Amino acid sequence: MSTLAVVGSQWGDEGKGKIIDYLAKKADMVVRGQGGSNAGHTVVIGNRKYALHLIPSGVMNEQTVNIIGNGVVFDAEGFFDETAALEKDGIKTDRIFVSDRAHLVFPYHKLLDELYEKALGEKDIGTTRKGIGPAYMDKIARSGLRVCDMLDEAAFREKLAAQIDDKNRILEKLFGAPPVNKEEIIANSLDCAKRLRPRIRDTGVMVHDAIRSGKKVLFEGAQGSMLDIDLGTYPYVTSSHPISGGFTTGAGVGAGAIQDVIGITKAYTTRVGKGPFVTELDNEIGKCIRERGLEYGATTGRPRRCGWFDGVVVRYSARINGTTGLALMLLDVLGEFDELKLCHGYAYKGETISEFPASLDTVAACTPLYLTLPGWKCDITGCRDFDALPDAARGYVKAVEEITGVPVKIVSVGPDREQTIIREAVF
Ligand code: GDP
Ligand code: IMO
Ligand code: MG
């Protein structure tokens, strides 16, 4: 396949960074199409661990061109912090390009993210506070600034000044908060604009040309399908489209440009932030999964909520993404338990539901229906071949396939590149 979308099947943090980095050794181009620095994609190489936020996870591979597409909300200061950290470690960042159509995130977006969350009190979303919602609000309201605006200094200064005045009125009148410093934000943004100039491109043309000339292009999803603004657990979602369809608008390619979709799927379920979670384990088992899987946010450090595998979620996610294969991640983490549970449906008012409901009240009233399987109770991190896995682990993988209706093409048994079992080539 020459184009492949890699998307999160659950609520994010499924291991997309690891798989993108792994597949990128064969990729000519890696493209992000949505989200922003709310993403935290971990790449482990030997004893080094990198958390990438805005920068595509293909960056560790010298030959790969990395694109930050038009659908991303771009925090220029955060971007340069990330490139500086990578360069310090000897990783080249000169092959990263940014779309001239991407919208910009400014400090006032982050401040407003925080204030909107605080105003919600108990009903807060649990955002990453990276300014994502407020930046997409400006985009949809048609008042946002884009990367291309940075190319004309005088016009950029004027547009940004007007935006800051506007936001200061909101800060003062709505929240009683002090205004942001206009001159400081403008000066920093102009400095970023100068530094960004060599990386600004019409990236849609680059992606199109790469695909047309038969190059291998990976589309890197951020967040997860259940956080999709339309199809996720609204309002406990992010403000973009983390599903495969998000790449059409977010990278500027036609619907037919994506040949295959791999759903990155944890062997269990996690969620960071608020919102419904039918298979959540608020007990010792959940705690054990958190400690074994090191389930703490790569962006915010928050402990992730943990639970059993939710087949209703992954089946739903496979449908809305057109998923052609799963990568089952962190299977090694489950090696502690005598028995394992997989949810294949929900019980709701005496009936069985197999599709994820729209209403969160309905979701809250659902209880999981489980299939119980024996555990393997051993360390599988050294396995490199599907047949080398214990019977019970293979049985677990097959149960995931049966419940979701999607073949598991990759099994991951550890965070390192090497700890990967390919059952069927995906790219
Ligand atoms: P992403 O946001 O989807 O890229 O995922 P994160 O990086 O936020 O979280 C995934 C975590 O699981 C990271 O700490 C990875 O290093 C780690 N990880 C990925 N695959 C495996 C695996 O198969 N086993 C274990 N134990 N850890 C893994
Ligand atoms: P990666 O790409 C997990 C969650 C936040 C919150 C909700 C909205 O690493 O998988 P936002 O800051 O986007 O407005 O927050 O979405 N969230 C993520 N959860 N992984 C992510 O990214 C996430 N990005 C946002 O915790 O619940
Ligand atoms: Mg993450």
# chains A, B, ... in the order shown; residues from 1 in each chain; ligands from 1
>>> residues_around(residues="segment 233-246 of chain A", least_positions_apart="5", cutoff="8 Å", atoms="only C-alpha atoms", output="number ranges by chain")
A: 5-8, 33-35, 125, 127, 132-133, 136, 221-228, 255, 261, 274-276, 320-322, 358, 360
>>> write_last_selection(atoms="N, CA and C atoms", output="PDB file, in the first residue's frame")
ATOM      1  N   ALA A   5      -3.691   5.412   6.564  1.00  0.00           N
ATOM      2  CA  ALA A   5      -4.039   6.281   7.701  1.00  0.00           C
ATOM      3  C   ALA A   5      -3.913   5.467   8.983  1.00  0.00           C
ATOM      4  N   VAL A   6      -3.293   6.074   9.971  1.00  0.00           N
ATOM      5  CA  VAL A   6      -3.103   5.441  11.279  1.00  0.00           C
ATOM      6  C   VAL A   6      -3.936   6.239  12.269  1.00  0.00           C
ATOM      7  N   VAL A   7      -4.998   5.621  12.788  1.00  0.00           N
ATOM      8  CA  VAL A   7      -5.898   6.381  13.667  1.00  0.00           C
ATOM      9  C   VAL A   7      -6.058   5.682  15.015  1.00  0.00           C
ATOM     10  N   GLY A   8      -6.418   6.442  16.019  1.00  0.00           N
ATOM     11  CA  GLY A   8      -6.688   5.884  17.343  1.00  0.00           C
ATOM     12  C   GLY A   8      -8.108   5.343  17.379  1.00  0.00           C
ATOM     13  N   GLY A  33      -2.976  15.805  10.324  1.00  0.00           N
ATOM     14  CA  GLY A  33      -4.072  16.557   9.706  1.00  0.00           C
ATOM     15  C   GLY A  33      -5.030  17.210  10.679  1.00  0.00           C
ATOM     16  N   GLN A  34      -4.847  16.996  11.973  1.00  0.00           N
ATOM     17  CA  GLN A  34      -5.782  17.609  12.938  1.00  0.00           C
ATOM     18  C   GLN A  34      -5.136  17.665  14.322  1.00  0.00           C
ATOM     19  N   GLY A  35      -5.859  18.295  15.240  1.00  0.00           N
ATOM     20  CA  GLY A  35      -5.352  18.418  16.606  1.00  0.00           C
ATOM     21  C   GLY A  35      -4.198  19.401  16.654  1.00  0.00           C
ATOM     22  N   ILE A 125     -14.460  19.524  30.930  1.00  0.00           N
ATOM     23  CA  ILE A 125     -14.155  18.451  29.966  1.00  0.00           C
ATOM     24  C   ILE A 125     -12.881  17.708  30.395  1.00  0.00           C
ATOM     25  N   THR A 127      -9.759  19.202  29.616  1.00  0.00           N
ATOM     26  CA  THR A 127      -8.913  19.408  28.428  1.00  0.00           C
ATOM     27  C   THR A 127      -7.427  19.430  28.813  1.00  0.00           C
ATOM     28  N   ILE A 132      -6.677  24.247  22.417  1.00  0.00           N
ATOM     29  CA  ILE A 132      -7.202  23.610  21.204  1.00  0.00           C
ATOM     30  C   ILE A 132      -8.637  24.051  20.905  1.00  0.00           C
ATOM     31  N   GLY A 133      -9.518  23.928  21.901  1.00  0.00           N
ATOM     32  CA  GLY A 133     -10.920  24.312  21.695  1.00  0.00           C
ATOM     33  C   GLY A 133     -11.040  25.772  21.270  1.00  0.00           C
ATOM     34  N   TYR A 136      -9.859  26.323  17.630  1.00  0.00           N
ATOM     35  CA  TYR A 136     -10.835  25.850  16.638  1.00  0.00           C
ATOM     36  C   TYR A 136     -12.097  26.712  16.667  1.00  0.00           C
ATOM     37  N   GLY A 221      -2.898  10.045  12.693  1.00  0.00           N
ATOM     38  CA  GLY A 221      -3.993  10.577  13.505  1.00  0.00           C
ATOM     39  C   GLY A 221      -3.492  10.995  14.880  1.00  0.00           C
ATOM     40  N   ALA A 222      -4.141  12.006  15.430  1.00  0.00           N
ATOM     41  CA  ALA A 222      -3.912  12.353  16.832  1.00  0.00           C
ATOM     42  C   ALA A 222      -5.238  12.154  17.558  1.00  0.00           C
ATOM     43  N   GLN A 223      -5.173  12.061  18.874  1.00  0.00           N
ATOM     44  CA  GLN A 223      -6.335  11.739  19.708  1.00  0.00           C
ATOM     45  C   GLN A 223      -6.921  10.372  19.288  1.00  0.00           C
ATOM     46  N   GLY A 224      -8.227  10.200  19.517  1.00  0.00           N
ATOM     47  CA  GLY A 224      -8.825   8.909  19.177  1.00  0.00           C
ATOM     48  C   GLY A 224     -10.243   9.128  18.672  1.00  0.00           C
ATOM     49  N   SER A 225     -10.785   8.087  18.023  1.00  0.00           N
ATOM     50  CA  SER A 225     -12.087   8.216  17.363  1.00  0.00           C
ATOM     51  C   SER A 225     -13.196   8.635  18.328  1.00  0.00           C
ATOM     52  N   MET A 226     -13.129   8.154  19.582  1.00  0.00           N
ATOM     53  CA  MET A 226     -14.200   8.485  20.532  1.00  0.00           C
ATOM     54  C   MET A 226     -14.093   9.923  21.038  1.00  0.00           C
ATOM     55  N   LEU A 227     -13.033  10.615  20.603  1.00  0.00           N
ATOM     56  CA  LEU A 227     -12.894  12.039  20.933  1.00  0.00           C
ATOM     57  C   LEU A 227     -13.274  12.912  19.737  1.00  0.00           C
ATOM     58  N   ASP A 228     -13.798  12.292  18.672  1.00  0.00           N
ATOM     59  CA  ASP A 228     -14.188  13.057  17.481  1.00  0.00           C
ATOM     60  C   ASP A 228     -15.333  14.015  17.838  1.00  0.00           C
ATOM     61  N   ALA A 255     -11.172  11.884  -0.949  1.00  0.00           N
ATOM     62  CA  ALA A 255     -11.599  10.756  -0.110  1.00  0.00           C
ATOM     63  C   ALA A 255     -10.956   9.442  -0.559  1.00  0.00           C
ATOM     64  N   VAL A 261      -6.683   1.748   6.323  1.00  0.00           N
ATOM     65  CA  VAL A 261      -6.790   2.429   7.623  1.00  0.00           C
ATOM     66  C   VAL A 261      -6.455   1.422   8.711  1.00  0.00           C
ATOM     67  N   LYS A 274     -12.474  13.796  31.391  1.00  0.00           N
ATOM     68  CA  LYS A 274     -13.786  13.344  31.857  1.00  0.00           C
ATOM     69  C   LYS A 274     -14.577  12.659  30.747  1.00  0.00           C
ATOM     70  N   GLY A 275     -15.736  12.107  31.102  1.00  0.00           N
ATOM     71  CA  GLY A 275     -16.632  11.514  30.118  1.00  0.00           C
ATOM     72  C   GLY A 275     -16.893  10.047  30.399  1.00  0.00           C
ATOM     73  N   PRO A 276     -17.917   9.488  29.735  1.00  0.00           N
ATOM     74  CA  PRO A 276     -18.347   8.122  30.035  1.00  0.00           C
ATOM     75  C   PRO A 276     -17.299   7.079  29.657  1.00  0.00           C
ATOM     76  N   ILE A 320     -16.730   3.737  11.660  1.00  0.00           N
ATOM     77  CA  ILE A 320     -16.668   5.151  11.255  1.00  0.00           C
ATOM     78  C   ILE A 320     -15.336   5.506  10.588  1.00  0.00           C
ATOM     79  N   ASN A 321     -14.343   4.642  10.750  1.00  0.00           N
ATOM     80  CA  ASN A 321     -13.044   4.894  10.113  1.00  0.00           C
ATOM     81  C   ASN A 321     -12.836   4.100   8.826  1.00  0.00           C
ATOM     82  N   GLY A 322     -13.680   3.074   8.621  1.00  0.00           N
ATOM     83  CA  GLY A 322     -13.403   2.151   7.521  1.00  0.00           C
ATOM     84  C   GLY A 322     -12.110   1.391   7.785  1.00  0.00           C
ATOM     85  N   ALA A 358     -25.706   7.475  21.168  1.00  0.00           N
ATOM     86  CA  ALA A 358     -25.370   8.898  21.069  1.00  0.00           C
ATOM     87  C   ALA A 358     -25.526   9.599  22.413  1.00  0.00           C
ATOM     88  N   LEU A 360     -25.380  10.445  26.174  1.00  0.00           N
ATOM     89  CA  LEU A 360     -24.504  10.055  27.288  1.00  0.00           C
ATOM     90  C   LEU A 360     -25.308   9.538  28.468  1.00  0.00           C
TER      91      LEU A 360
END
>>> closest_atom_pairs(of="chain A", to="ligand 1", cutoff="6 Å", atoms="only C-alpha atoms and all ligand atoms", output="CSV")
residue,atom,partner,partner_atom_place_in_ligand_line,distance
A:Gly12,CA,ligand 1,3 (O),5.5
A:Asp13,CA,ligand 1,5 (O),3.3
A:Glu14,CA,ligand 1,3 (O),3.9
A:Gly15,CA,ligand 1,3 (O),3.6
A:Lys16,CA,ligand 1,3 (O),3.7
A:Gly17,CA,ligand 1,4 (O),3.6
A:Lys18,CA,ligand 1,19 (C),5.7
A:Gly40,CA,ligand 1,2 (O),4.8
A:His41,CA,ligand 1,4 (O),3.3
A:Thr42,CA,ligand 1,7 (O),3.5
A:Val44,CA,ligand 1,16 (O),5.9
A:Gly293,CA,ligand 1,26 (N),5.2
A:Ala298,CA,ligand 1,8 (O),5.1
A:Met329,CA,ligand 1,23 (O),4.5
A:Leu330,CA,ligand 1,23 (O),3.4
A:Leu331,CA,ligand 1,23 (O),5.9
A:Asp332,CA,ligand 1,24 (N),5.7
A:Val333,CA,ligand 1,26 (N),5.6
A:Ser412,CA,ligand 1,23 (O),3.9
A:Val413,CA,ligand 1,23 (O),3.9
A:Gly414,CA,ligand 1,24 (N),3.2
A:Pro415,CA,ligand 1,28 (C),3.7
>>> select_by_dssp(residues="segment 172-230 of chain A", states="strand (DSSP E or B)", output="PyMOL selection string")
chain A and resi 200-201+217-220
>>> write_last_selection(atoms="N, CA and C atoms", output="CSV table (one decimal), in the first residue's frame")
chain,number,residue,atom,x,y,z
A,200,ILE,N,7.3,27.1,5.7
A,200,ILE,CA,5.9,27.3,5.3
A,200,ILE,C,5.7,26.9,3.9
A,201,ARG,N,4.7,26.0,3.6
A,201,ARG,CA,4.5,25.5,2.3
A,201,ARG,C,3.0,25.4,2.0
A,217,VAL,N,3.1,7.3,1.7
A,217,VAL,CA,2.6,8.4,2.6
A,217,VAL,C,1.8,7.8,3.8
A,218,LEU,N,2.2,8.2,5.0
A,218,LEU,CA,1.5,7.8,6.2
A,218,LEU,C,0.7,9.0,6.7
A,219,PHE,N,-0.6,8.8,7.1
A,219,PHE,CA,-1.3,9.9,7.7
A,219,PHE,C,-1.4,9.6,9.2
A,220,GLU,N,-0.9,10.5,10.0
A,220,GLU,CA,-0.8,10.2,11.4
A,220,GLU,C,-2.0,10.9,12.2
>>> residues_around(residues="Gly286 of chain A", least_positions_apart="3", cutoff="10 Å", atoms="only C-alpha atoms", output="PyMOL selection string")
chain A and resi 269-270+280-283+289-291+304-308
>>> decode(residues="segment 335-378 of chain A", atoms="C-alpha atoms", output="tab-separated table (two decimals), in the first residue's frame")
chain	number	residue	atom	x	y	z
A	335	GLY	CA	0.26	-10.67	31.54
A	336	GLU	CA	-0.50	-10.24	35.25
A	337	PHE	CA	-4.07	-11.49	35.47
A	338	ASP	CA	-5.60	-14.96	36.04
A	339	GLU	CA	-8.50	-14.09	33.81
A	340	LEU	CA	-9.30	-11.33	31.35
A	341	LYS	CA	-12.56	-9.76	30.31
A	342	LEU	CA	-13.57	-8.39	26.93
A	343	CYS	CA	-16.79	-6.43	26.52
A	344	HIS	CA	-18.80	-7.54	23.48
A	345	GLY	CA	-22.04	-5.61	24.14
A	346	TYR	CA	-23.85	-3.40	26.62
A	347	ALA	CA	-26.88	-4.28	28.73
A	348	TYR	CA	-29.40	-1.43	28.72
A	349	LYS	CA	-32.83	-1.69	30.37
A	350	GLY	CA	-32.90	-5.46	29.97
A	351	GLU	CA	-31.81	-5.37	26.33
A	352	THR	CA	-28.48	-5.90	24.60
A	353	ILE	CA	-26.99	-2.96	22.71
A	354	SER	CA	-24.23	-3.56	20.21
A	355	GLU	CA	-23.87	-0.02	18.78
A	356	PHE	CA	-22.42	2.85	20.78
A	357	PRO	CA	-25.32	5.15	21.80
A	358	ALA	CA	-25.37	8.90	21.07
A	359	SER	CA	-26.90	9.98	24.37
A	360	LEU	CA	-24.50	10.06	27.29
A	361	ASP	CA	-27.44	9.38	29.63
A	362	THR	CA	-27.98	6.11	27.78
A	363	VAL	CA	-24.26	5.31	27.92
A	364	ALA	CA	-24.27	6.02	31.66
A	365	ALA	CA	-27.08	3.49	32.14
A	366	CYS	CA	-25.24	0.76	30.18
A	367	THR	CA	-23.40	-2.06	31.88
A	368	PRO	CA	-20.80	-4.16	30.07
A	369	LEU	CA	-21.47	-7.72	28.91
A	370	TYR	CA	-18.22	-9.65	29.17
A	371	LEU	CA	-16.57	-12.62	27.61
A	372	THR	CA	-14.11	-14.08	30.15
A	373	LEU	CA	-10.88	-15.66	28.95
A	374	PRO	CA	-7.93	-17.20	30.80
A	375	GLY	CA	-4.83	-15.06	31.27
A	376	TRP	CA	-1.33	-16.18	30.21
A	377	LYS	CA	0.42	-15.02	33.36
A	378	CYS	CA	3.87	-14.62	31.90
